[in-house]
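Pasted below: structure.tsv, TSV, C-alpha atoms and all ligand atoms.
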chain	number	residue	atom	x	y	z
A	1	MET	CA	67.68	90.53	136.39
A	2	THR	CA	63.91	90.38	136.03
A	3	ALA	CA	61.49	88.28	133.98
A	4	SER	CA	61.66	88.79	130.20
A	5	ALA	CA	58.44	89.47	128.28
A	6	GLN	CA	58.55	85.93	126.86
A	7	THR	CA	58.93	84.48	130.35
A	8	LEU	CA	55.96	86.48	131.62
A	9	ASP	CA	53.86	85.19	128.71
A	10	ARG	CA	54.84	81.59	129.42
A	11	LEU	CA	54.65	81.40	133.21
A	12	ASP	CA	51.56	81.00	135.35
A	13	PRO	CA	51.00	84.45	136.96
A	14	ARG	CA	50.92	82.75	140.37
A	15	VAL	CA	54.49	81.58	139.82
A	16	VAL	CA	55.58	85.11	138.86
A	17	ARG	CA	53.94	86.44	142.02
A	18	TYR	CA	55.52	83.69	144.14
A	19	ILE	CA	59.00	84.72	143.03
A	20	ASP	CA	58.54	88.48	143.16
A	21	ALA	CA	56.44	88.68	146.29
A	22	GLY	CA	57.33	90.19	149.60
A	23	ALA	CA	55.41	90.12	152.86
A	24	GLY	CA	52.80	92.79	153.46
A	25	SER	CA	53.35	95.96	151.44
A	26	GLY	CA	56.57	94.59	149.98
A	27	SER	CA	58.56	97.46	151.48
A	28	THR	CA	61.38	95.25	152.75
A	29	VAL	CA	62.02	93.81	149.28
A	30	THR	CA	62.77	97.26	147.87
A	31	ASP	CA	64.40	98.54	151.07
A	32	ASN	CA	66.91	95.66	150.97
A	33	VAL	CA	68.07	96.69	147.50
A	34	ALA	CA	68.16	100.43	148.29
A	35	ALA	CA	70.05	99.99	151.57
A	36	TRP	CA	73.20	98.62	149.95
A	37	ASN	CA	73.48	101.87	148.01
A	38	ARG	CA	73.40	103.81	151.27
A	39	TRP	CA	76.83	102.34	151.98
A	40	LYS	CA	78.71	104.89	149.90
A	41	LEU	CA	82.03	103.66	148.56
A	42	ARG	CA	85.24	105.54	149.37
A	43	PRO	CA	87.55	104.18	146.65
A	44	ARG	CA	91.28	103.94	147.11
A	45	VAL	CA	93.31	104.98	144.07
A	46	LEU	CA	97.00	104.66	143.15
A	47	ARG	CA	96.98	100.93	143.98
A	48	ASP	CA	98.27	98.20	141.68
A	49	VAL	CA	95.16	96.35	140.53
A	50	SER	CA	96.72	94.57	137.55
A	51	ASP	CA	95.99	91.19	139.15
A	52	VAL	CA	92.64	91.18	140.99
A	53	GLN	CA	91.86	87.85	142.66
A	54	THR	CA	88.21	87.09	143.43
A	55	ALA	CA	88.42	83.34	144.05
A	56	THR	CA	87.96	81.86	147.51
A	57	GLU	CA	86.59	78.83	149.35
A	58	VAL	CA	83.74	78.74	151.89
A	59	PHE	CA	83.02	75.56	153.89
A	60	GLY	CA	85.07	73.59	151.38
A	61	ILE	CA	83.08	74.95	148.42
A	62	PRO	CA	85.41	76.48	145.79
A	63	LEU	CA	84.11	79.81	144.46
A	64	ALA	CA	85.27	81.93	141.50
A	65	ALA	CA	83.92	84.85	143.58
A	66	PRO	CA	82.33	84.75	147.05
A	67	VAL	CA	78.78	84.45	145.73
A	68	PHE	CA	76.12	81.74	146.08
A	69	ALA	CA	72.73	81.46	144.46
A	70	ALA	CA	70.34	81.69	147.43
A	71	PRO	CA	68.11	78.68	148.15
A	72	TRP	CA	64.61	78.95	146.77
A	73	ALA	CA	62.02	76.20	146.60
A	74	GLY	CA	60.72	74.73	143.37
A	75	HIS	CA	63.01	75.52	140.41
A	76	SER	CA	60.89	73.22	138.25
A	77	LEU	CA	58.11	75.81	138.52
A	78	VAL	CA	60.06	77.89	135.99
A	79	HIS	CA	62.18	75.35	134.09
A	80	ASP	CA	61.71	71.68	133.20
A	81	GLU	CA	65.17	70.66	134.40
A	82	GLY	CA	64.67	72.43	137.73
A	83	GLU	CA	67.62	72.59	140.12
A	84	VAL	CA	69.78	70.50	137.77
A	85	ALA	CA	69.83	73.34	135.22
A	86	THR	CA	70.69	75.87	137.93
A	87	ALA	CA	73.50	73.63	139.20
A	88	ARG	CA	75.00	73.29	135.72
A	89	GLY	CA	74.99	77.05	135.08
A	90	LEU	CA	76.51	77.89	138.45
A	91	ARG	CA	79.23	75.29	138.17
A	92	ALA	CA	80.22	76.49	134.70
A	93	ALA	CA	80.77	79.96	136.18
A	94	GLY	CA	82.29	78.69	139.44
A	95	LEU	CA	79.68	80.06	141.85
A	96	GLY	CA	78.11	78.22	144.80
A	97	PHE	CA	74.64	76.70	144.99
A	98	GLY	CA	72.34	77.08	147.98
A	99	VAL	CA	69.84	74.25	147.45
A	100	SER	CA	66.44	74.59	149.14
A	101	SER	CA	65.01	71.73	151.17
A	102	GLY	CA	62.00	72.39	148.95
A	103	ALA	CA	64.07	71.46	145.88
A	104	SER	CA	61.89	69.98	143.18
A	105	THR	CA	64.57	67.68	141.73
A	106	PRO	CA	66.26	64.67	143.39
A	107	LEU	CA	69.37	65.80	145.29
A	108	ASP	CA	71.68	63.16	143.82
A	109	ALA	CA	71.03	64.58	140.34
A	110	VAL	CA	71.59	68.14	141.61
A	111	GLY	CA	74.82	67.23	143.43
A	112	ALA	CA	76.21	65.41	140.40
A	113	GLU	CA	75.96	68.66	138.43
A	114	SER	CA	76.92	71.14	141.14
A	115	GLY	CA	79.80	69.57	143.03
A	116	PRO	CA	79.90	70.47	146.76
A	117	TYR	CA	76.91	72.65	147.66
A	118	LEU	CA	75.19	74.41	150.55
A	119	GLN	CA	72.01	72.62	151.64
A	120	GLN	CA	69.29	74.81	153.13
A	121	LEU	CA	66.88	73.11	155.53
A	122	TYR	CA	63.51	73.88	157.06
A	123	LEU	CA	63.49	71.55	160.05
A	124	PRO	CA	60.38	69.36	160.16
A	125	GLU	CA	59.42	68.06	163.60
A	126	ASP	CA	59.62	64.45	162.45
A	127	ARG	CA	63.27	63.62	163.18
A	128	ASP	CA	63.22	60.39	161.17
A	129	LEU	CA	62.25	62.42	158.14
A	130	VAL	CA	65.17	64.77	158.85
A	131	ARG	CA	67.66	61.92	159.30
A	132	GLY	CA	66.66	60.45	155.95
A	133	PHE	CA	67.02	63.86	154.31
A	134	LEU	CA	70.45	64.46	155.89
A	135	ALA	CA	71.75	61.12	154.68
A	136	ARG	CA	70.47	61.88	151.18
A	137	THR	CA	71.96	65.36	150.97
A	138	VAL	CA	75.35	64.39	152.43
A	139	ALA	CA	75.58	61.50	149.96
A	140	ALA	CA	74.72	63.96	147.16
A	141	GLY	CA	77.61	66.26	148.10
A	142	ALA	CA	76.31	68.82	150.60
A	143	ALA	CA	79.28	70.52	152.27
A	144	ALA	CA	77.24	72.36	154.91
A	145	ILE	CA	73.63	72.80	156.06
A	146	ALA	CA	71.90	76.19	156.37
A	147	LEU	CA	69.06	75.92	158.88
A	148	THR	CA	66.43	78.57	158.15
A	149	VAL	CA	65.12	80.11	161.39
A	150	ASP	CA	63.08	83.08	160.17
A	151	HIS	CA	60.04	81.08	159.13
A	152	PRO	CA	57.81	80.56	162.22
A	153	ALA	CA	54.84	81.17	159.89
A	154	VAL	CA	54.26	82.04	156.26
A	155	GLY	CA	54.71	85.80	155.85
A	156	ASN	CA	51.70	88.09	155.92
A	157	GLY	CA	50.31	89.45	152.72
A	158	TYR	CA	47.55	88.44	150.38
A	159	GLY	CA	49.65	88.23	147.22
A	160	PHE	CA	52.23	85.94	148.70
A	161	ARG	CA	49.75	83.60	150.40
A	162	ALA	CA	47.51	83.37	147.37
A	163	GLY	CA	50.57	82.67	145.24
A	164	LEU	CA	51.68	79.87	147.53
A	165	ALA	CA	48.25	78.28	147.75
A	166	GLY	CA	47.89	78.08	144.01
A	167	LEU	CA	51.33	76.75	143.16
A	168	PRO	CA	51.60	73.54	141.20
A	169	TYR	CA	53.92	72.12	143.89
A	170	ARG	CA	54.70	68.42	143.82
A	171	PRO	CA	55.44	66.08	146.68
A	172	SER	CA	59.10	66.50	147.61
A	173	PRO	CA	61.37	63.97	145.90
A	174	ASN	CA	63.81	64.41	148.80
A	175	PHE	CA	61.51	64.07	151.81
A	176	ASP	CA	59.90	60.68	151.27
A	177	GLY	CA	57.15	62.20	149.13
A	178	VAL	CA	55.92	64.69	151.74
A	179	ASP	CA	54.09	67.76	150.35
A	180	GLN	CA	56.69	70.53	150.26
A	181	ARG	CA	54.27	73.05	151.69
A	182	LEU	CA	54.27	71.11	154.96
A	183	LEU	CA	58.02	71.56	155.33
A	184	GLY	CA	58.07	75.33	155.64
A	185	THR	CA	57.13	76.44	159.15
A	186	ALA	CA	58.51	75.62	162.57
A	187	ARG	CA	56.82	77.46	165.41
A	188	THR	CA	58.83	75.81	168.16
A	189	LEU	CA	62.31	76.03	166.64
A	190	GLY	CA	64.91	76.90	169.28
A	191	PRO	CA	68.61	76.58	170.22
A	192	ALA	CA	68.15	72.91	171.16
A	193	ASP	CA	67.20	72.17	167.56
A	194	ILE	CA	70.43	73.73	166.31
A	195	ALA	CA	72.39	71.57	168.74
A	196	TRP	CA	70.50	68.44	167.67
A	197	LEU	CA	71.03	69.19	163.99
A	198	ALA	CA	74.73	69.98	164.46
A	199	GLY	CA	75.08	66.52	166.04
A	200	ALA	CA	72.97	64.69	163.49
A	201	ALA	CA	74.32	66.34	160.33
A	202	GLY	CA	78.01	65.46	160.60
A	203	ILE	CA	78.76	68.56	158.47
A	204	PRO	CA	78.81	72.25	159.54
A	205	VAL	CA	75.43	73.83	160.32
A	206	LEU	CA	74.89	77.52	159.52
A	207	VAL	CA	71.91	79.44	160.84
A	208	LYS	CA	70.06	81.46	158.18
A	209	GLY	CA	67.73	84.32	158.99
A	210	VAL	CA	69.53	86.26	161.73
A	211	VAL	CA	69.48	90.10	161.82
A	212	ARG	CA	70.61	90.71	165.44
A	213	GLY	CA	73.91	90.27	167.23
A	214	ASP	CA	72.31	88.68	170.31
A	215	ASP	CA	70.58	86.03	168.17
A	216	ALA	CA	73.86	85.26	166.40
A	217	LEU	CA	75.45	84.53	169.78
A	218	VAL	CA	72.56	82.24	170.78
A	219	ALA	CA	73.10	80.33	167.52
A	220	LEU	CA	76.86	80.11	168.07
A	221	ASP	CA	76.43	78.87	171.63
A	222	ALA	CA	74.09	76.16	170.31
A	223	GLY	CA	76.77	74.96	167.89
A	224	ALA	CA	76.30	76.96	164.68
A	225	ALA	CA	79.37	76.95	162.44
A	226	GLY	CA	78.26	80.02	160.50
A	227	ILE	CA	75.59	82.73	160.38
A	228	ILE	CA	73.62	83.92	157.36
A	229	VAL	CA	72.30	87.44	157.90
A	230	SER	CA	68.97	87.39	156.07
A	231	ASN	CA	65.40	88.65	156.28
A	232	HIS	CA	64.32	86.06	153.70
A	233	GLY	CA	64.41	88.62	150.92
A	234	GLY	CA	61.63	90.60	152.61
A	235	ARG	CA	59.20	87.68	152.31
A	236	GLN	CA	58.61	87.15	156.01
A	237	LEU	CA	58.36	90.31	158.14
A	238	ASP	CA	57.38	93.48	156.33
A	239	GLY	CA	59.32	96.38	157.82
A	240	SER	CA	62.23	94.26	158.99
A	241	ILE	CA	65.61	95.95	159.26
A	242	THR	CA	67.50	95.65	155.98
A	243	THR	CA	70.38	93.20	155.83
A	244	ALA	CA	72.80	95.93	154.69
A	245	GLU	CA	72.10	97.70	157.98
A	246	ALA	CA	72.02	94.56	160.14
A	247	LEU	CA	75.27	93.02	158.90
A	248	PRO	CA	77.75	95.15	160.94
A	249	GLU	CA	76.01	94.35	164.26
A	250	VAL	CA	76.12	90.62	163.55
A	251	VAL	CA	79.73	90.71	162.35
A	252	GLY	CA	80.64	92.62	165.51
A	253	ALA	CA	78.92	90.12	167.81
A	254	VAL	CA	80.38	87.08	166.04
A	255	ALA	CA	83.86	88.66	166.26
A	256	GLY	CA	85.49	86.31	163.78
A	257	ARG	CA	84.47	83.07	165.54
A	258	VAL	CA	82.71	81.72	162.42
A	259	PRO	CA	82.06	82.96	158.86
A	260	VAL	CA	79.14	85.37	158.40
A	261	LEU	CA	77.26	85.34	155.08
A	262	VAL	CA	74.51	87.73	153.99
A	263	ASP	CA	71.65	87.95	151.49
A	264	GLY	CA	68.81	90.30	150.57
A	265	GLY	CA	68.91	92.86	147.77
A	266	ILE	CA	72.43	92.05	146.57
A	267	ARG	CA	72.34	92.63	142.83
A	268	ARG	CA	75.80	93.53	141.51
A	269	GLY	CA	79.53	93.51	142.10
A	270	GLU	CA	79.44	96.79	144.03
A	271	ASP	CA	77.01	95.20	146.51
A	272	VAL	CA	79.23	92.12	146.82
A	273	ILE	CA	82.25	94.23	147.77
A	274	ARG	CA	80.18	96.30	150.21
A	275	ALA	CA	79.14	93.13	152.05
A	276	LEU	CA	82.70	91.83	152.11
A	277	ALA	CA	84.05	95.19	153.32
A	278	LEU	CA	81.59	94.94	156.22
A	279	GLY	CA	83.03	91.53	157.14
A	280	ALA	CA	80.93	88.99	155.23
A	281	ALA	CA	82.76	85.90	153.95
A	282	ALA	CA	80.32	85.52	151.03
A	283	VAL	CA	76.91	86.66	149.81
A	284	LEU	CA	73.83	84.96	148.40
A	285	VAL	CA	71.73	86.29	145.53
A	286	GLY	CA	68.07	85.20	145.33
A	287	ARG	CA	65.48	86.44	142.84
A	288	PRO	CA	67.87	87.37	140.01
A	289	PHE	CA	68.89	83.71	139.72
A	290	ALA	CA	65.24	82.61	139.65
A	291	TRP	CA	64.61	84.93	136.71
A	292	ALA	CA	67.86	83.91	135.01
A	293	LEU	CA	66.71	80.27	135.14
A	294	ALA	CA	63.22	81.16	133.92
A	295	ASN	CA	64.56	83.30	131.07
A	296	GLY	CA	67.43	81.19	129.86
A	297	GLY	CA	67.82	77.84	131.66
A	298	SER	CA	71.35	76.83	132.61
A	299	ALA	CA	72.84	79.26	130.04
A	300	GLY	CA	70.89	82.10	131.65
A	301	VAL	CA	72.12	81.12	135.10
A	302	GLN	CA	75.70	80.92	133.83
A	303	ALA	CA	75.46	84.34	132.17
A	304	LEU	CA	74.25	85.98	135.39
A	305	ALA	CA	76.90	84.17	137.44
A	306	ASP	CA	79.65	85.22	135.00
A	307	ASP	CA	78.39	88.81	135.26
A	308	LEU	CA	78.56	88.74	139.05
A	309	VAL	CA	82.13	87.41	138.97
A	310	ALA	CA	83.22	90.03	136.42
A	311	GLY	CA	81.31	92.75	138.26
A	312	THR	CA	83.01	91.84	141.53
A	313	ARG	CA	86.43	91.93	139.86
A	314	ILE	CA	85.80	95.37	138.33
A	315	ALA	CA	84.36	96.79	141.55
A	316	MET	CA	87.43	95.56	143.45
A	317	ALA	CA	89.73	97.25	140.94
A	318	MET	CA	87.72	100.47	141.26
A	319	VAL	CA	88.25	100.61	145.04
A	320	GLY	CA	91.92	99.64	144.79
A	321	ALA	CA	91.54	96.12	146.17
A	322	SER	CA	93.43	93.34	144.41
A	323	ARG	CA	92.70	90.77	147.15
A	324	LEU	CA	89.47	89.99	149.01
A	325	ASP	CA	91.14	90.86	152.32
A	326	HIS	CA	91.80	94.37	151.03
A	327	LEU	CA	88.03	94.92	151.33
A	328	THR	CA	87.82	96.66	154.72
A	329	PRO	CA	85.22	98.88	156.46
A	330	ASP	CA	87.12	102.12	155.72
A	331	LEU	CA	85.94	101.71	152.09
A	332	LEU	CA	82.40	102.57	153.23
A	333	ARG	CA	80.42	105.37	154.79
A	334	TRP	CA	76.72	105.00	155.74
A	335	GLU	CA	74.66	107.80	154.25
A	336	SER	CA	71.86	108.43	156.73
B	401	LIG	C1	63.21	82.17	148.86
B	401	LIG	N1	63.98	82.07	150.02
B	401	LIG	C2	64.08	80.86	150.66
B	401	LIG	N2	64.89	80.74	151.75
B	401	LIG	C3	65.05	79.55	152.36
B	401	LIG	O1	65.79	79.47	153.33
B	401	LIG	N3	64.38	78.44	151.89
B	401	LIG	C4	63.54	78.49	150.83
B	401	LIG	O2	62.99	77.47	150.41
B	401	LIG	C5	63.35	79.74	150.20
B	401	LIG	N4	62.47	79.88	149.16
B	401	LIG	C6	62.43	81.05	148.45
B	401	LIG	C7	61.63	81.15	147.32
B	401	LIG	C8	61.68	82.29	146.54
B	401	LIG	C9	60.86	82.35	145.28
B	401	LIG	C10	62.49	83.39	146.92
B	401	LIG	C11	62.57	84.65	146.09
B	401	LIG	C12	63.24	83.33	148.08
B	401	LIG	C13	64.80	83.22	150.48
B	401	LIG	C14	66.17	83.24	149.79
B	401	LIG	O3	66.97	82.16	150.19
B	401	LIG	C15	66.96	84.51	150.10
B	401	LIG	O4	67.03	84.71	151.49
B	401	LIG	C16	66.37	85.77	149.44
B	401	LIG	O5	65.81	85.48	148.19
B	401	LIG	C17	67.47	86.83	149.27
B	401	LIG	O6	66.95	88.02	148.81
B	401	LIG	P1	66.98	88.50	147.26
B	401	LIG	O7	68.38	88.31	146.74
B	401	LIG	O8	65.95	87.70	146.55
B	401	LIG	O9	66.63	89.95	147.40

Show how you would write the structure in this file as structure tokens.
Ligand code: FNR
Amino acid sequence: MTASAQTLDRLDPRVVRYIDAGAGSGSTVTDNVAAWNRWKLRPRVLRDVSDVQTATEVFGIPLAAPVFAAPWAGHSLVHDEGEVATARGLRAAGLGFGVSSGASTPLDAVGAESGPYLQQLYLPEDRDLVRGFLARTVAAGAAAIALTVDHPAVGNGYGFRAGLAGLPYRPSPNFDGVDQRLLGTARTLGPADIAWLAGAAGIPVLVKGVVRGDDALVALDAGAAGIIVSNHGGRQLDGSITTAEALPEVVGAVAGRVPVLVDGGIRRGEDVIRALALGAAAVLVGRPFAWALANGGSAGVQALADDLVAGTRIAMAMVGASRLDHLTPDLLRWES
């Protein structure tokens, strides 16, 4: 899903660039998408797929298929109702919502529409600010926190920086009115911060932005309850390993101790089943949901979410899998 012609006419070009941008040359944005297709599918046939079940639950969040909308900051940049419209569309389709700590709408209003959700967090150094935010998001219905760790600085690249600088961002309604741009970077973030957050949150803490097995183990030892394999949709380090290629190493290191999720370049049902066959418990989809919201509000979000559920069901049938746990690594071969 990309921006429609009407959307491009209506939106500030800086907003369009903010959503589309990648770091540097943008190579990782396109590589992420292409890499999933290098996992060639080896379908099983002659299996009964008359009753394909896609529904599951992750961290207490019920899902019609194991798919979340990835957290992205500032939904009100593209739609007046902001995150509330996204929440409504996702809930109607039964998919999960990853809410950014840079959300542009009050969390209680978002939670009332979404039901239990995944709260992403950039960890500001001011712990009082964090405690206030945690109380607010838990009261609004957050089921788990995803701490983003791949943001020690804003990614290189003129287009992305210029886009950010010009954005009509507002003070955050969820961080005591702090400018959202101040919430994004954490140069000193380390394992001790994960441990502190796991203690302070009172709900499971996932670590988002891991592409190496050794880092996943550091996060687990510090108290992470889940790992999100992510290179931030190619917005941080140009030339980063793709998430399709990184996922098996992380799944291997984690060895079933906690759920592993993945995002970056996942666009359709075939990608969803590839990620699950490699051991992911669920996936997150980023930019397509931003464009769905910009193009069609909550109805646009619902239509994309319905498509992803239906696409996952059909892809499962095609590879002879009627249950999510039939999605196993033998369904795939890496084409080098
Ligand atoms: C993001 N992403 C992101 N991640 C995060 O942890 N906190 C955030 O606030 C944001 N903000 C954000 C804004 C925009 C416009 C985009 C496109 C992305 C990254 C996001 O959660 C996810 O990792 C990627 O978008 C996944 O890649 P795809 O699906 O966009 O290729």

Which residues are near ligand LIG 401 (chain B) in this structure, taking near to mean any atom at most 9 Å from a ligand atom and counting all atoms listed in the file? Format them as a PDB file with C-alpha atoms, in the frame of the given file.
ATOM      1  CA  VAL A  15      54.490  81.580 139.820  1.00  0.00           C
ATOM      2  CA  VAL A  16      55.580  85.110 138.860  1.00  0.00           C
ATOM      3  CA  ARG A  17      53.940  86.440 142.020  1.00  0.00           C
ATOM      4  CA  TYR A  18      55.520  83.690 144.140  1.00  0.00           C
ATOM      5  CA  ILE A  19      59.000  84.720 143.030  1.00  0.00           C
ATOM      6  CA  ASP A  20      58.540  88.480 143.160  1.00  0.00           C
ATOM      7  CA  ALA A  21      56.440  88.680 146.290  1.00  0.00           C
ATOM      8  CA  GLY A  22      57.330  90.190 149.600  1.00  0.00           C
ATOM      9  CA  VAL A  29      62.020  93.810 149.280  1.00  0.00           C
ATOM     10  CA  THR A  30      62.770  97.260 147.870  1.00  0.00           C
ATOM     11  CA  ASN A  32      66.910  95.660 150.970  1.00  0.00           C
ATOM     12  CA  VAL A  33      68.070  96.690 147.500  1.00  0.00           C
ATOM     13  CA  ALA A  69      72.730  81.460 144.460  1.00  0.00           C
ATOM     14  CA  ALA A  70      70.340  81.690 147.430  1.00  0.00           C
ATOM     15  CA  PRO A  71      68.110  78.680 148.150  1.00  0.00           C
ATOM     16  CA  TRP A  72      64.610  78.950 146.770  1.00  0.00           C
ATOM     17  CA  ALA A  73      62.020  76.200 146.600  1.00  0.00           C
ATOM     18  CA  GLY A  74      60.720  74.730 143.370  1.00  0.00           C
ATOM     19  CA  HIS A  75      63.010  75.520 140.410  1.00  0.00           C
ATOM     20  CA  GLY A  98      72.340  77.080 147.980  1.00  0.00           C
ATOM     21  CA  VAL A  99      69.840  74.250 147.450  1.00  0.00           C
ATOM     22  CA  SER A 100      66.440  74.590 149.140  1.00  0.00           C
ATOM     23  CA  SER A 101      65.010  71.730 151.170  1.00  0.00           C
ATOM     24  CA  GLY A 102      62.000  72.390 148.950  1.00  0.00           C
ATOM     25  CA  ALA A 103      64.070  71.460 145.880  1.00  0.00           C
ATOM     26  CA  GLN A 120      69.290  74.810 153.130  1.00  0.00           C
ATOM     27  CA  LEU A 121      66.880  73.110 155.530  1.00  0.00           C
ATOM     28  CA  TYR A 122      63.510  73.880 157.060  1.00  0.00           C
ATOM     29  CA  ALA A 146      71.900  76.190 156.370  1.00  0.00           C
ATOM     30  CA  LEU A 147      69.060  75.920 158.880  1.00  0.00           C
ATOM     31  CA  THR A 148      66.430  78.570 158.150  1.00  0.00           C
ATOM     32  CA  VAL A 149      65.120  80.110 161.390  1.00  0.00           C
ATOM     33  CA  ASP A 150      63.080  83.080 160.170  1.00  0.00           C
ATOM     34  CA  HIS A 151      60.040  81.080 159.130  1.00  0.00           C
ATOM     35  CA  GLY A 184      58.070  75.330 155.640  1.00  0.00           C
ATOM     36  CA  LYS A 208      70.060  81.460 158.180  1.00  0.00           C
ATOM     37  CA  GLY A 209      67.730  84.320 158.990  1.00  0.00           C
ATOM     38  CA  ILE A 228      73.620  83.920 157.360  1.00  0.00           C
ATOM     39  CA  VAL A 229      72.300  87.440 157.900  1.00  0.00           C
ATOM     40  CA  SER A 230      68.970  87.390 156.070  1.00  0.00           C
ATOM     41  CA  ASN A 231      65.400  88.650 156.280  1.00  0.00           C
ATOM     42  CA  HIS A 232      64.320  86.060 153.700  1.00  0.00           C
ATOM     43  CA  GLY A 233      64.410  88.620 150.920  1.00  0.00           C
ATOM     44  CA  GLY A 234      61.630  90.600 152.610  1.00  0.00           C
ATOM     45  CA  ARG A 235      59.200  87.680 152.310  1.00  0.00           C
ATOM     46  CA  VAL A 262      74.510  87.730 153.990  1.00  0.00           C
ATOM     47  CA  ASP A 263      71.650  87.950 151.490  1.00  0.00           C
ATOM     48  CA  GLY A 264      68.810  90.300 150.570  1.00  0.00           C
ATOM     49  CA  GLY A 265      68.910  92.860 147.770  1.00  0.00           C
ATOM     50  CA  ILE A 266      72.430  92.050 146.570  1.00  0.00           C
ATOM     51  CA  ARG A 267      72.340  92.630 142.830  1.00  0.00           C
ATOM     52  CA  LEU A 284      73.830  84.960 148.400  1.00  0.00           C
ATOM     53  CA  VAL A 285      71.730  86.290 145.530  1.00  0.00           C
ATOM     54  CA  GLY A 286      68.070  85.200 145.330  1.00  0.00           C
ATOM     55  CA  ARG A 287      65.480  86.440 142.840  1.00  0.00           C
ATOM     56  CA  PRO A 288      67.870  87.370 140.010  1.00  0.00           C
ATOM     57  CA  PHE A 289      68.890  83.710 139.720  1.00  0.00           C
ATOM     58  CA  ALA A 290      65.240  82.610 139.650  1.00  0.00           C
TER      59      ALA A 290
END

Original post:
So which residues are close to (77.5, 75.6, 136.7), meaning at most 9 Å away in the file's coordinates with only C-alpha atoms counted, and can you show them as a list in words?
Top reply: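 The distance filter leaves exactly Ala85, Thr86, Ala87, Arg88, Gly89, Leu90, Arg91, Ala92, Ala93, Gly94, Leu95, Gly96, Phe97, Glu113, Ser114, Ser298, Ala299, Val301, Gln302 and Ala305 of chain A.
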
Could the residues in this selection be written to a file with C-alpha atoms, as a PDB file, in the frame of the given file?
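Below is the file result31.pdb, written as the result:
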ATOM      1  CA  ALA A  85      69.830  73.340 135.220  1.00  0.00           C
ATOM      2  CA  THR A  86      70.690  75.870 137.930  1.00  0.00           C
ATOM      3  CA  ALA A  87      73.500  73.630 139.200  1.00  0.00           C
ATOM      4  CA  ARG A  88      75.000  73.290 135.720  1.00  0.00           C
ATOM      5  CA  GLY A  89      74.990  77.050 135.080  1.00  0.00           C
ATOM      6  CA  LEU A  90      76.510  77.890 138.450  1.00  0.00           C
ATOM      7  CA  ARG A  91      79.230  75.290 138.170  1.00  0.00           C
ATOM      8  CA  ALA A  92      80.220  76.490 134.700  1.00  0.00           C
ATOM      9  CA  ALA A  93      80.770  79.960 136.180  1.00  0.00           C
ATOM     10  CA  GLY A  94      82.290  78.690 139.440  1.00  0.00           C
ATOM     11  CA  LEU A  95      79.680  80.060 141.850  1.00  0.00           C
ATOM     12  CA  GLY A  96      78.110  78.220 144.800  1.00  0.00           C
ATOM     13  CA  PHE A  97      74.640  76.700 144.990  1.00  0.00           C
ATOM     14  CA  GLU A 113      75.960  68.660 138.430  1.00  0.00           C
ATOM     15  CA  SER A 114      76.920  71.140 141.140  1.00  0.00           C
ATOM     16  CA  SER A 298      71.350  76.830 132.610  1.00  0.00           C
ATOM     17  CA  ALA A 299      72.840  79.260 130.040  1.00  0.00           C
ATOM     18  CA  VAL A 301      72.120  81.120 135.100  1.00  0.00           C
ATOM     19  CA  GLN A 302      75.700  80.920 133.830  1.00  0.00           C
ATOM     20  CA  ALA A 305      76.900  84.170 137.440  1.00  0.00           C
TER      21      ALA A 305
END

Original post:
Between atom CA of Thr188 of chain A and atom CA of Ser240 of chain A, what is the spacing in Å?
Top reply: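 That distance, rounded to one decimal, is 20.9 Å.
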
Subject >> Distance in Å - atom CA of Val110 of chain A versus atom CA of Leu308 of chain A >> reply: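 Computing it gives 21.9 Å between the two atoms.
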
Original post:
Which one is closest to Glu245 of chain A: A:Asn295, A:Ser27, A:Thr54, A:Asn37? Count all atoms listed in the file.
Top reply: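 Of all the options, A:Asn37 lies closest to Glu245 of chain A.
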
Original post:
Which residue out of A:Val84, A:Val309, A:Leu189, A:Ala219 has the minimum interatomic distance to Glu125 of chain A when all atoms listed in the file are used?
Top reply: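 Smallest separation from Glu125 of chain A among the options: A:Leu189.
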